[in-house]
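Novice: Provided below: protein02.cif, containing mmCIF, C-alpha atoms.
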data_query
loop_
_atom_site.label_atom_id
_atom_site.label_comp_id
_atom_site.auth_asym_id
_atom_site.auth_seq_id
_atom_site.Cartn_x
_atom_site.Cartn_y
_atom_site.Cartn_z
CA MET A 1 202.46 12.18 228.31
CA LYS A 2 199.35 12.04 230.45
CA ARG A 3 196.29 13.62 228.83
CA LYS A 4 194.54 16.21 230.93
CA ARG A 5 190.80 15.93 231.48
CA THR A 6 189.12 18.97 229.95
CA GLY A 7 186.62 21.09 231.83
CA SER A 8 183.81 20.25 229.44
CA SER A 9 184.20 16.50 229.91
CA ARG A 10 184.17 16.97 233.69
CA TYR A 11 180.86 18.87 233.46
CA PHE A 12 179.44 16.14 231.24
CA VAL A 13 180.27 13.53 233.88
CA TYR A 14 178.59 15.69 236.54
CA PHE A 15 175.53 16.04 234.31
CA ILE A 16 175.21 12.27 233.83
CA LEU A 17 175.63 11.67 237.55
CA SER A 18 172.98 14.28 238.35
CA ILE A 19 170.49 12.75 235.92
CA SER A 20 171.15 9.29 237.31
CA LEU A 21 170.64 10.56 240.87
CA ILE A 22 167.34 12.27 239.97
CA ALA A 23 166.13 9.12 238.19
CA ALA A 24 167.07 6.97 241.18
CA VAL A 25 165.23 9.30 243.57
CA PHE A 26 162.16 9.31 241.32
CA ILE A 27 162.11 5.50 241.06
CA GLY A 28 162.61 5.20 244.79
CA ILE A 29 159.74 7.56 245.59
CA ARG A 30 157.46 5.84 243.08
CA THR A 31 158.32 2.43 244.52
CA LEU A 32 157.56 3.75 248.01
CA PHE A 33 154.21 5.13 246.82
CA THR A 34 153.24 1.74 245.38
CA LYS A 35 153.78 0.09 248.79
CA LEU A 36 151.81 2.49 250.98
CA SER A 37 148.15 1.67 251.68
CA TRP A 38 147.49 5.41 251.99
CA PHE A 39 147.51 5.49 248.16
CA ASN A 40 144.99 2.68 247.69
CA ILE A 41 142.19 3.80 245.39
CA GLU A 42 139.06 4.79 247.31
CA SER A 43 136.89 6.25 244.54
CA ILE A 44 136.64 6.48 240.77
CA ARG A 45 134.81 9.47 239.31
CA ILE A 46 133.24 9.41 235.84
CA THR A 47 132.90 12.69 233.93
CA GLY A 48 132.02 13.83 230.41
CA ASN A 49 129.37 11.20 229.63
CA GLU A 50 126.03 12.41 228.29
CA ASN A 51 124.01 9.38 227.17
CA LEU A 52 125.95 6.53 228.75
CA GLU A 53 124.90 5.89 232.34
CA THR A 54 127.40 6.97 235.00
CA GLU A 55 126.65 3.94 237.17
CA PHE A 56 127.25 1.56 234.27
CA LEU A 57 130.60 3.18 233.47
CA ALA A 58 131.68 3.27 237.12
CA ASN A 59 130.85 -0.41 237.66
CA LEU A 60 133.26 -1.41 234.90
CA SER A 61 136.20 -0.18 236.95
CA LEU A 62 135.14 -1.38 240.41
CA ASP A 63 137.89 -4.03 240.27
CA PHE A 64 140.46 -1.27 240.80
CA ILE A 65 138.99 -0.04 244.09
CA GLY A 66 141.46 -0.92 246.85
CA LEU A 67 144.42 -1.26 244.51
CA ASN A 68 147.37 1.09 244.78
CA LEU A 69 146.93 4.26 242.75
CA TYR A 70 150.49 4.23 241.44
CA ALA A 71 150.72 0.49 240.87
CA THR A 72 147.59 0.49 238.71
CA SER A 73 148.21 0.71 234.97
CA LYS A 74 146.14 3.21 233.01
CA ARG A 75 146.21 0.73 230.14
CA ASP A 76 144.43 -1.87 232.30
CA ILE A 77 141.68 0.64 233.05
CA LEU A 78 141.33 1.59 229.38
CA GLN A 79 140.84 -2.05 228.44
CA LYS A 80 137.64 -2.11 230.50
CA TYR A 81 136.10 0.42 228.11
CA GLU A 82 137.60 -0.45 224.74
CA ASN A 83 134.58 -2.42 223.48
CA ILE A 84 132.02 0.32 224.15
CA VAL A 85 131.13 1.69 220.72
CA ARG A 86 129.72 4.91 222.15
CA ILE A 87 133.10 5.95 223.59
CA LYS A 88 135.16 7.99 221.14
CA ASP A 89 138.00 8.89 223.50
CA ILE A 90 138.82 8.41 227.16
CA SER A 91 141.38 9.96 229.48
CA ILE A 92 142.42 8.80 232.93
CA THR A 93 143.81 11.08 235.64
CA ARG A 94 145.31 10.04 238.97
CA ILE A 95 144.21 12.43 241.74
CA PHE A 96 146.49 12.48 244.76
CA PRO A 97 146.34 10.63 247.06
CA ASN A 98 143.72 7.95 246.28
CA LYS A 99 141.28 8.87 243.52
CA ILE A 100 140.95 8.31 239.79
CA LYS A 101 139.01 10.44 237.33
CA ILE A 102 137.86 8.89 234.05
CA ASN A 103 136.75 11.45 231.47
CA ILE A 104 134.59 10.14 228.64
CA LEU A 105 134.17 11.68 225.19
CA GLU A 106 131.09 10.06 223.68
CA ARG A 107 130.21 9.40 220.10
CA LYS A 108 126.85 11.09 219.62
CA GLY A 109 124.29 10.26 216.98
CA LEU A 110 124.05 12.63 214.02
CA PHE A 111 121.59 10.70 211.85
CA TYR A 112 119.77 7.41 211.76
CA ILE A 113 120.29 5.35 208.66
CA ARG A 114 117.40 3.17 207.59
CA THR A 115 118.48 0.00 205.86
CA ARG A 116 116.82 -1.68 202.91
CA GLU A 117 115.05 -3.95 205.39
CA GLY A 118 113.74 -0.98 207.42
CA GLU A 119 116.03 -1.22 210.48
CA LEU A 120 117.34 1.97 212.07
CA PHE A 121 120.95 2.47 213.17
CA PRO A 122 122.39 5.71 214.60
CA ILE A 123 125.65 6.97 213.10
CA ASP A 124 127.95 9.72 214.34
CA GLU A 125 129.80 12.48 212.50
CA ASP A 126 132.47 10.00 211.40
CA CYS A 127 129.82 7.61 209.95
CA ILE A 128 130.57 5.11 212.72
CA VAL A 129 127.59 2.84 213.43
CA LEU A 130 126.50 3.19 217.07
CA ASP A 131 124.58 0.67 219.12
CA ASN A 132 120.80 0.71 218.73
CA ASP A 133 119.87 -1.46 221.73
CA VAL A 134 118.74 1.72 223.48
CA PHE A 135 117.29 4.68 221.61
CA TYR A 136 118.41 7.63 223.68
CA THR A 137 115.66 10.20 224.23
CA GLU A 138 117.97 13.10 223.41
CA GLU A 139 118.82 11.60 220.03
CA ASN A 140 115.79 12.71 218.03
CA LEU A 141 117.66 12.45 214.75
CA PRO A 142 116.70 12.77 211.08
CA VAL A 143 116.50 9.47 209.21
CA ILE A 144 118.46 8.85 206.01
CA ALA A 145 116.79 6.24 203.81
CA THR A 146 119.50 4.11 202.21
CA ASP A 147 119.82 1.01 200.09
CA ILE A 148 122.32 -0.48 202.55
CA SER A 149 121.56 -4.03 203.64
CA THR A 150 121.27 -4.72 207.36
CA SER A 151 123.78 -7.54 206.92
CA ASP A 152 126.40 -4.96 205.86
CA VAL A 153 126.02 -2.91 209.05
CA ASP A 154 128.54 -3.58 211.84
CA PHE A 155 128.54 -1.76 215.18
CA GLY A 156 131.65 0.33 215.63
CA LYS A 157 132.48 0.22 211.91
CA LYS A 158 132.33 3.03 209.38
CA ILE A 159 129.52 3.04 206.82
CA GLU A 160 130.50 3.76 203.23
CA ASP A 161 127.62 4.87 200.99
CA GLU A 162 127.39 7.35 198.12
CA PHE A 163 124.02 8.81 199.10
CA LEU A 164 125.05 9.10 202.74
CA ASN A 165 128.14 11.04 201.63
CA ARG A 166 125.92 13.46 199.71
CA ILE A 167 123.81 14.06 202.81
CA LEU A 168 126.95 14.72 204.87
CA VAL A 169 128.17 17.28 202.31
CA PHE A 170 124.73 18.91 202.55
CA TYR A 171 124.88 18.87 206.36
CA TYR A 172 128.39 20.31 206.69
CA THR A 173 127.63 23.00 204.11
CA VAL A 174 124.41 24.13 205.78
CA SER A 175 124.89 23.53 209.52
CA PRO A 176 127.41 26.36 210.18
CA GLU A 177 124.80 28.89 208.97
CA TYR A 178 121.54 27.12 209.79
CA PRO A 179 122.16 24.42 212.43
CA ASP A 180 118.52 24.44 213.56
CA LEU A 181 117.26 23.46 210.10
CA PHE A 182 117.92 19.80 210.87
CA ASN A 183 115.72 19.92 213.99
CA ASN A 184 112.76 20.36 211.63
CA ILE A 185 113.65 17.59 209.19
CA SER A 186 112.45 14.06 209.84
CA GLU A 187 113.89 12.26 206.82
CA PHE A 188 116.16 12.42 203.79
CA TYR A 189 115.59 10.14 200.85
CA LYS A 190 116.55 9.97 197.18
CA LYS A 191 114.18 10.25 194.23
CA ASP A 192 115.29 10.71 190.62
CA ASN A 193 118.78 11.24 192.06
CA GLU A 194 117.60 14.31 194.01
CA ILE A 195 117.83 14.73 197.78
CA ILE A 196 114.32 15.04 199.20
CA LEU A 197 113.81 16.44 202.72
CA VAL A 198 110.67 15.69 204.72
CA GLU A 199 109.55 18.49 207.06
CA ALA A 200 109.00 17.08 210.55
CA ASN A 201 105.89 18.89 211.80
CA ILE A 202 103.56 19.00 208.78
CA GLY A 203 105.16 16.46 206.47
CA TYR A 204 105.59 18.45 203.24
CA LYS A 205 108.74 17.85 201.23
CA ILE A 206 111.54 20.16 200.18
CA VAL A 207 114.01 19.98 197.29
CA PHE A 208 117.03 22.31 197.35
CA GLY A 209 119.33 20.72 194.82
CA GLU A 210 123.01 20.71 195.76
CA ASP A 211 124.36 24.11 194.69
CA ASP A 212 123.95 27.61 196.20
CA LEU A 213 122.51 25.93 199.29
CA ILE A 214 122.91 28.83 201.70
CA GLU A 215 120.99 31.25 199.47
CA LYS A 216 118.25 28.69 198.84
CA ILE A 217 117.83 27.92 202.52
CA LYS A 218 117.76 31.63 203.31
CA LYS A 219 114.92 31.95 200.80
CA TYR A 220 113.15 28.91 202.28
CA ARG A 221 113.37 30.27 205.82
CA PHE A 222 111.83 33.55 204.65
CA LEU A 223 108.99 31.69 202.91
CA GLU A 224 108.48 29.44 205.92
CA GLN A 225 107.98 32.45 208.18
CA ASN A 226 105.58 34.23 205.83
CA ARG A 227 103.37 31.49 204.45
CA SER A 228 102.27 27.96 205.21
CA PHE A 229 102.86 24.75 203.27
CA GLU A 230 100.49 21.80 203.26
CA LYS A 231 101.16 18.12 203.67
CA GLY A 232 101.21 16.41 200.31
CA LYS A 233 103.08 19.28 198.66
CA ILE A 234 106.66 19.56 197.44
CA VAL A 235 108.46 22.88 197.84
CA ASP A 236 110.98 22.98 195.00
CA LEU A 237 113.77 25.55 195.36
CA ARG A 238 116.16 24.23 192.75
CA TYR A 239 115.56 27.13 190.38
CA LYS A 240 117.29 30.44 191.00
CA ASP A 241 114.42 32.85 190.31
CA GLN A 242 111.42 30.59 190.62
CA LEU A 243 109.59 28.85 193.45
CA VAL A 244 107.69 25.73 192.45
CA ILE A 245 105.10 24.20 194.75
CA ARG A 246 103.57 21.04 193.36
CA ALA A 247 101.58 18.06 194.52
CA ASP A 248 103.54 15.07 195.80
CA ASP A 249 103.02 12.26 193.31
CA ASN A 250 104.20 9.51 195.69
#
Starting from the coordinates I provided, produce the structure as structure tokens.
Specialist:
Amino acid sequence: MKRKRTGSSRYFVYFILSISLIAAVFIGIRTLFTKLSWFNIESIRITGNENLETEFLANLSLDFIGLNLYATSKRDILQKYENIVRIKDISITRIFPNKIKINILERKGLFYIRTREGELFPIDEDCIVLDNDVFYTEENLPVIATDISTSDVDFGKKIEDEFLNRILVFYYTVSPEYPDLFNNISEFYKKDNEIILVEANIGYKIVFGEDDLIEKIKKYRFLEQNRSFEKGKIVDLRYKDQLVIRADDN
């Protein structure tokens, strides 16, 4: 007895045929686009960069000018930028009919670390070491004095250091409430296992400890606005109900 084809199986066949037809049309149109000179790339626009020079970034992709927009692989473009330490992320958009937009997300310096030998290297929020061939004018960053050897610093690699981690905990605790505090700090260093901050304008030093930071900084900001501190002094706010101002014995 001959088996009848069910309605559902017939619809399934129609569905497969429809998908195949759509795919064939798409491939055909794409193939046509890759053959037409109308879609040859005429310009590449760079956006999102802040410190990296636009001309430098644009020159890296000049090889793609004149190539077909739809025959050009985004991966090939990305490879032109993969060795730039300052680039955190990059996205590429084809703009019909003949343009490309490259959007750059930069790694921006958060601190400088000073090595045991006295060299300065900028690091970002992920502790990635950034290039220091050019000191960007907008990166006026606090310095963290470390015991890291210069030989252990690699561009594009993450720095692991116990004191640096303590500074980052301090930063991420304080910055949501007092982000401008760090604009007035020139240096962090360690003494007797305490974090010492150096005020940028006058040069006095501040000790907060590492607990109840928000309350202590609130107190410091009040004091800062209502009295002056001299260079050569240490403002010690580690104690809950007592302010200690003493001579710097360094």
Novice: What are the closest atom pairs, with distances in Å to one decimal, for all residues of range 194-240 of chain A lying within 6 Å of range 161-185 of chain A? Consider all atoms listed in the file, order rows by chain and residue number, and present the result as a tab-separated table.
Specialist:
residue	atom	partner	partner_atom	distance
A:Val198	CA	A:Ile185	CA	5.7
A:Glu199	CA	A:Ile185	CA	4.7
A:Ala200	CA	A:Ile185	CA	4.9
Novice: When distances are computed from only C-alpha atoms, which of A:Ile217, A:Leu110, A:Ile102, A:Val143 shows the smallest separation from Cys127 in chain A?
Specialist: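 Result for the nearest residue to Cys127 in chain A: A:Leu110.
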Novice: Got a sec: who's within 9 Å of range 156-159 of chain A, counting all atoms listed in the file, leaving out chain neighbours fewer than 2 positions off, as a list in words?
Specialist: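 Here the answer would be Asn83, Ile84, Val85, Arg86, Ile123, Asp126, Cys127, Ile128, Val129, Leu130, Asp131, Asp152, Val153, Asp154, Asp161 and Leu164 of chain A.
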Novice: What would the file look like if the residues just selected were written as a PDB file, in the frame of the given file with C-alpha atoms?
Specialist:
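Final output, saved to result19.pdb:
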ATOM      1  CA  ASN A  83     134.580  -2.420 223.480  1.00  0.00           C
ATOM      2  CA  ILE A  84     132.020   0.320 224.150  1.00  0.00           C
ATOM      3  CA  VAL A  85     131.130   1.690 220.720  1.00  0.00           C
ATOM      4  CA  ARG A  86     129.720   4.910 222.150  1.00  0.00           C
ATOM      5  CA  ILE A 123     125.650   6.970 213.100  1.00  0.00           C
ATOM      6  CA  ASP A 126     132.470  10.000 211.400  1.00  0.00           C
ATOM      7  CA  CYS A 127     129.820   7.610 209.950  1.00  0.00           C
ATOM      8  CA  ILE A 128     130.570   5.110 212.720  1.00  0.00           C
ATOM      9  CA  VAL A 129     127.590   2.840 213.430  1.00  0.00           C
ATOM     10  CA  LEU A 130     126.500   3.190 217.070  1.00  0.00           C
ATOM     11  CA  ASP A 131     124.580   0.670 219.120  1.00  0.00           C
ATOM     12  CA  ASP A 152     126.400  -4.960 205.860  1.00  0.00           C
ATOM     13  CA  VAL A 153     126.020  -2.910 209.050  1.00  0.00           C
ATOM     14  CA  ASP A 154     128.540  -3.580 211.840  1.00  0.00           C
ATOM     15  CA  ASP A 161     127.620   4.870 200.990  1.00  0.00           C
ATOM     16  CA  LEU A 164     125.050   9.100 202.740  1.00  0.00           C
TER      17      LEU A 164
END
Novice: Given the file shown, enumerate the residues that the PyMOL selection byres ((chain A and resi 232) around 12) captures and present them as a list in words.
Specialist: Val198, Glu199, Ile202, Gly203, Tyr204, Lys205, Ile206, Phe229, Glu230, Lys231, Lys233, Ile234, Val235, Ile245, Arg246, Ala247, Asp248, Asp249 and Asn250 of chain A
Novice: Expressed in Å to a single decimal, how great is the separation between CA of Gly109 in chain A and CA of Leu197 in chain A?
Specialist: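 Answer for the CA of Gly109 in chain A to CA of Leu197 in chain A separation: 18.7 Å.
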Novice: Which value, in Å to one decimal, gives the distance between CA of Phe111 in chain A and CA of Ser228 in chain A?
Specialist: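 Straight-line distance from CA of Phe111 in chain A to CA of Ser228 in chain A works out to 26.7 Å.
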Novice: Go through A:Asn51, A:Ser151, A:Thr146, A:Gln79 and flag the residue nearest Ile195 in chain A, using all atoms listed in the file for the distances.
Specialist: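 The shortest atom-to-atom distance to Ile195 in chain A comes from A:Thr146.
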Novice: Of the residues A:Leu120, A:Leu52, A:Ile41, A:Ile148, which is the one nearest to Ile100 in chain A, using all atoms listed in the file?
Specialist: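 When distances to Ile100 in chain A are compared using all atoms listed in the file, the smallest one comes from A:Ile41.
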Novice: Show me the residues around (139.0, 0.8, 233.0) - criterion: an atom at most 9 Å away, all atoms listed in the file counted - as a JSON list (two decimals) with C-alpha atoms, in the frame of the given file.
Specialist:
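Saved file point.json follows:
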[["chain", "number", "residue", "atom", "x", "y", "z"],
["A", 57, "LEU", "CA", 130.60, 3.18, 233.47],
["A", 58, "ALA", "CA", 131.68, 3.27, 237.12],
["A", 60, "LEU", "CA", 133.26, -1.41, 234.90],
["A", 61, "SER", "CA", 136.20, -0.18, 236.95],
["A", 62, "LEU", "CA", 135.14, -1.38, 240.41],
["A", 63, "ASP", "CA", 137.89, -4.03, 240.27],
["A", 64, "PHE", "CA", 140.46, -1.27, 240.80],
["A", 74, "LYS", "CA", 146.14, 3.21, 233.01],
["A", 75, "ARG", "CA", 146.21, 0.73, 230.14],
["A", 76, "ASP", "CA", 144.43, -1.87, 232.30],
["A", 77, "ILE", "CA", 141.68, 0.64, 233.05],
["A", 78, "LEU", "CA", 141.33, 1.59, 229.38],
["A", 79, "GLN", "CA", 140.84, -2.05, 228.44],
["A", 80, "LYS", "CA", 137.64, -2.11, 230.50],
["A", 81, "TYR", "CA", 136.10, 0.42, 228.11],
["A", 82, "GLU", "CA", 137.60, -0.45, 224.74],
["A", 92, "ILE", "CA", 142.42, 8.80, 232.93],
["A", 102, "ILE", "CA", 137.86, 8.89, 234.05]]
Novice: Return the single residue from A:Ile104, A:Val207, A:Ala71, A:Ala145 that is closest to Ile87 in chain A, with distances computed using all atoms listed in the file.
Specialist: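 Among A:Ile104, A:Val207, A:Ala71, A:Ala145, it is A:Ile104 that comes nearest to Ile87 in chain A.
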Novice: Which residues match the PyMOL selection byres ((chain A and resi 117) around 9) in the file above, as a list in words?
Specialist: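 Checking the PyMOL selection byres ((chain A and resi 117) around 9) against this file, the residues are Arg114, Thr115, Arg116, Gly118, Glu119, Asp147, Ile148, Ser149 and Thr150 of chain A.
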Novice: What gap, in Å, lies between CA of Ser186 in chain A and CA of Asp241 in chain A?
Specialist: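 Atom-to-atom, CA of Ser186 in chain A to CA of Asp241 in chain A, that is 27.2 Å.
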Novice: Go through the shown structure with the PyMOL selection byres ((chain A and resi 94-97) around 8) and write out the matching residues as a PyMOL selection string.
Specialist: chain A and resi 38-39+69+92-93+98-101
Novice: Extract, using only C-alpha atoms, all DNA, RNA and protein residues at most 6 Å from Phe121 in chain A, discarding same-chain residues fewer than 6 positions from it, and format them as a list in words.
Specialist: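 Answer for this query is Tyr112, Ile113 and Asn132 of chain A.
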Novice: Between A:Thr47, A:Asn40, A:Asn103, A:Gly209, which residue has the minimum interatomic distance to Lys191 in chain A, considering all atoms listed in the file?
Specialist: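 Going through A:Thr47, A:Asn40, A:Asn103, A:Gly209 one by one, the smallest distance to Lys191 in chain A is for A:Gly209.
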Novice: Counting all atoms listed in the file, figure out which residue out of A:Leu237, A:Lys108, A:Thr72, A:Ile44 gets nearest to Asn59 in chain A.
Specialist: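 Closest to Asn59 in chain A, using all atoms listed in the file: A:Ile44.
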Novice: Filtering to all heavy atoms, could range 59-70 of chain A of the supplied structure be written out as a tab-separated table (two decimals), in the first residue's frame?
Specialist:
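Contents of result-v1.tsv, freshly written:
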chain	number	residue	atom	x	y	z
A	59	ASN	N	46.69	55.65	8.03
A	59	ASN	CA	47.74	55.18	7.13
A	59	ASN	C	47.93	53.67	7.18
A	59	ASN	O	48.35	53.05	6.20
A	59	ASN	CB	49.07	55.87	7.45
A	59	ASN	CG	49.09	57.32	7.00
A	59	ASN	OD1	48.30	57.72	6.16
A	59	ASN	ND2	49.99	58.10	7.56
A	60	LEU	N	47.61	53.07	8.33
A	60	LEU	CA	47.77	51.62	8.46
A	60	LEU	C	46.84	50.84	7.53
A	60	LEU	O	47.12	49.69	7.19
A	60	LEU	CB	47.53	51.19	9.91
A	60	LEU	CG	48.56	51.65	10.94
A	60	LEU	CD1	48.13	51.24	12.35
A	60	LEU	CD2	49.94	51.05	10.63
A	61	SER	N	45.74	51.46	7.15
A	61	SER	CA	44.76	50.75	6.32
A	61	SER	C	44.67	51.29	4.90
A	61	SER	O	43.73	50.96	4.18
A	61	SER	CB	43.38	50.82	6.99
A	61	SER	OG	43.02	52.15	7.26
A	62	LEU	N	45.67	52.07	4.49
A	62	LEU	CA	45.64	52.62	3.13
A	62	LEU	C	45.68	51.54	2.05
A	62	LEU	O	45.21	51.76	0.93
A	62	LEU	CB	46.82	53.58	2.93
A	62	LEU	CG	46.69	54.97	3.60
A	62	LEU	CD1	47.94	55.80	3.32
A	62	LEU	CD2	45.44	55.69	3.13
A	63	ASP	N	46.24	50.38	2.39
A	63	ASP	CA	46.32	49.27	1.42
A	63	ASP	C	44.95	48.84	0.91
A	63	ASP	O	44.84	48.22	-0.16
A	63	ASP	CB	47.01	48.06	2.03
A	63	ASP	CG	48.48	48.31	2.32
A	63	ASP	OD1	49.01	49.32	1.82
A	63	ASP	OD2	49.09	47.49	3.03
A	64	PHE	N	43.90	49.15	1.69
A	64	PHE	CA	42.56	48.67	1.32
A	64	PHE	C	41.82	49.65	0.42
A	64	PHE	O	40.75	49.30	-0.10
A	64	PHE	CB	41.75	48.39	2.59
A	64	PHE	CG	42.35	47.32	3.46
A	64	PHE	CD1	43.07	47.66	4.60
A	64	PHE	CD2	42.25	45.99	3.11
A	64	PHE	CE1	43.64	46.68	5.40
A	64	PHE	CE2	42.82	45.00	3.89
A	64	PHE	CZ	43.52	45.34	5.04
A	65	ILE	N	42.36	50.86	0.27
A	65	ILE	CA	41.74	51.82	-0.64
A	65	ILE	C	41.79	51.26	-2.06
A	65	ILE	O	42.83	50.81	-2.54
A	65	ILE	CB	42.45	53.19	-0.59
A	65	ILE	CG1	42.32	53.81	0.81
A	65	ILE	CG2	41.90	54.13	-1.66
A	65	ILE	CD1	40.92	54.21	1.18
A	66	GLY	N	40.65	51.27	-2.74
A	66	GLY	CA	40.56	50.74	-4.10
A	66	GLY	C	40.12	49.30	-4.18
A	66	GLY	O	39.74	48.82	-5.26
A	67	LEU	N	40.15	48.60	-3.04
A	67	LEU	CA	39.66	47.22	-3.03
A	67	LEU	C	38.15	47.21	-2.87
A	67	LEU	O	37.55	48.17	-2.39
A	67	LEU	CB	40.31	46.43	-1.89
A	67	LEU	CG	41.84	46.31	-1.91
A	67	LEU	CD1	42.31	45.42	-0.77
A	67	LEU	CD2	42.33	45.76	-3.25
A	68	ASN	N	37.54	46.11	-3.25
A	68	ASN	CA	36.08	46.01	-3.17
A	68	ASN	C	35.64	45.93	-1.71
A	68	ASN	O	36.21	45.18	-0.90
A	68	ASN	CB	35.60	44.78	-3.93
A	68	ASN	CG	34.09	44.72	-3.98
A	68	ASN	OD1	33.45	44.26	-3.05
A	68	ASN	ND2	33.51	45.19	-5.09
A	69	LEU	N	34.64	46.72	-1.38
A	69	LEU	CA	34.14	46.80	-0.01
A	69	LEU	C	33.70	45.44	0.53
A	69	LEU	O	33.95	45.10	1.68
A	69	LEU	CB	32.97	47.79	0.05
A	69	LEU	CG	32.32	48.05	1.41
A	69	LEU	CD1	33.28	48.77	2.33
A	69	LEU	CD2	31.04	48.86	1.25
A	70	TYR	N	33.05	44.66	-0.34
A	70	TYR	CA	32.46	43.40	0.12
A	70	TYR	C	33.39	42.20	-0.10
A	70	TYR	O	33.10	41.11	0.40
A	70	TYR	CB	31.11	43.17	-0.57
A	70	TYR	CG	30.12	44.23	-0.16
A	70	TYR	CD1	29.89	45.33	-0.99
A	70	TYR	CD2	29.46	44.16	1.04
A	70	TYR	CE1	28.99	46.33	-0.61
A	70	TYR	CE2	28.56	45.15	1.44
A	70	TYR	CZ	28.34	46.23	0.61
A	70	TYR	OH	27.47	47.22	1.00
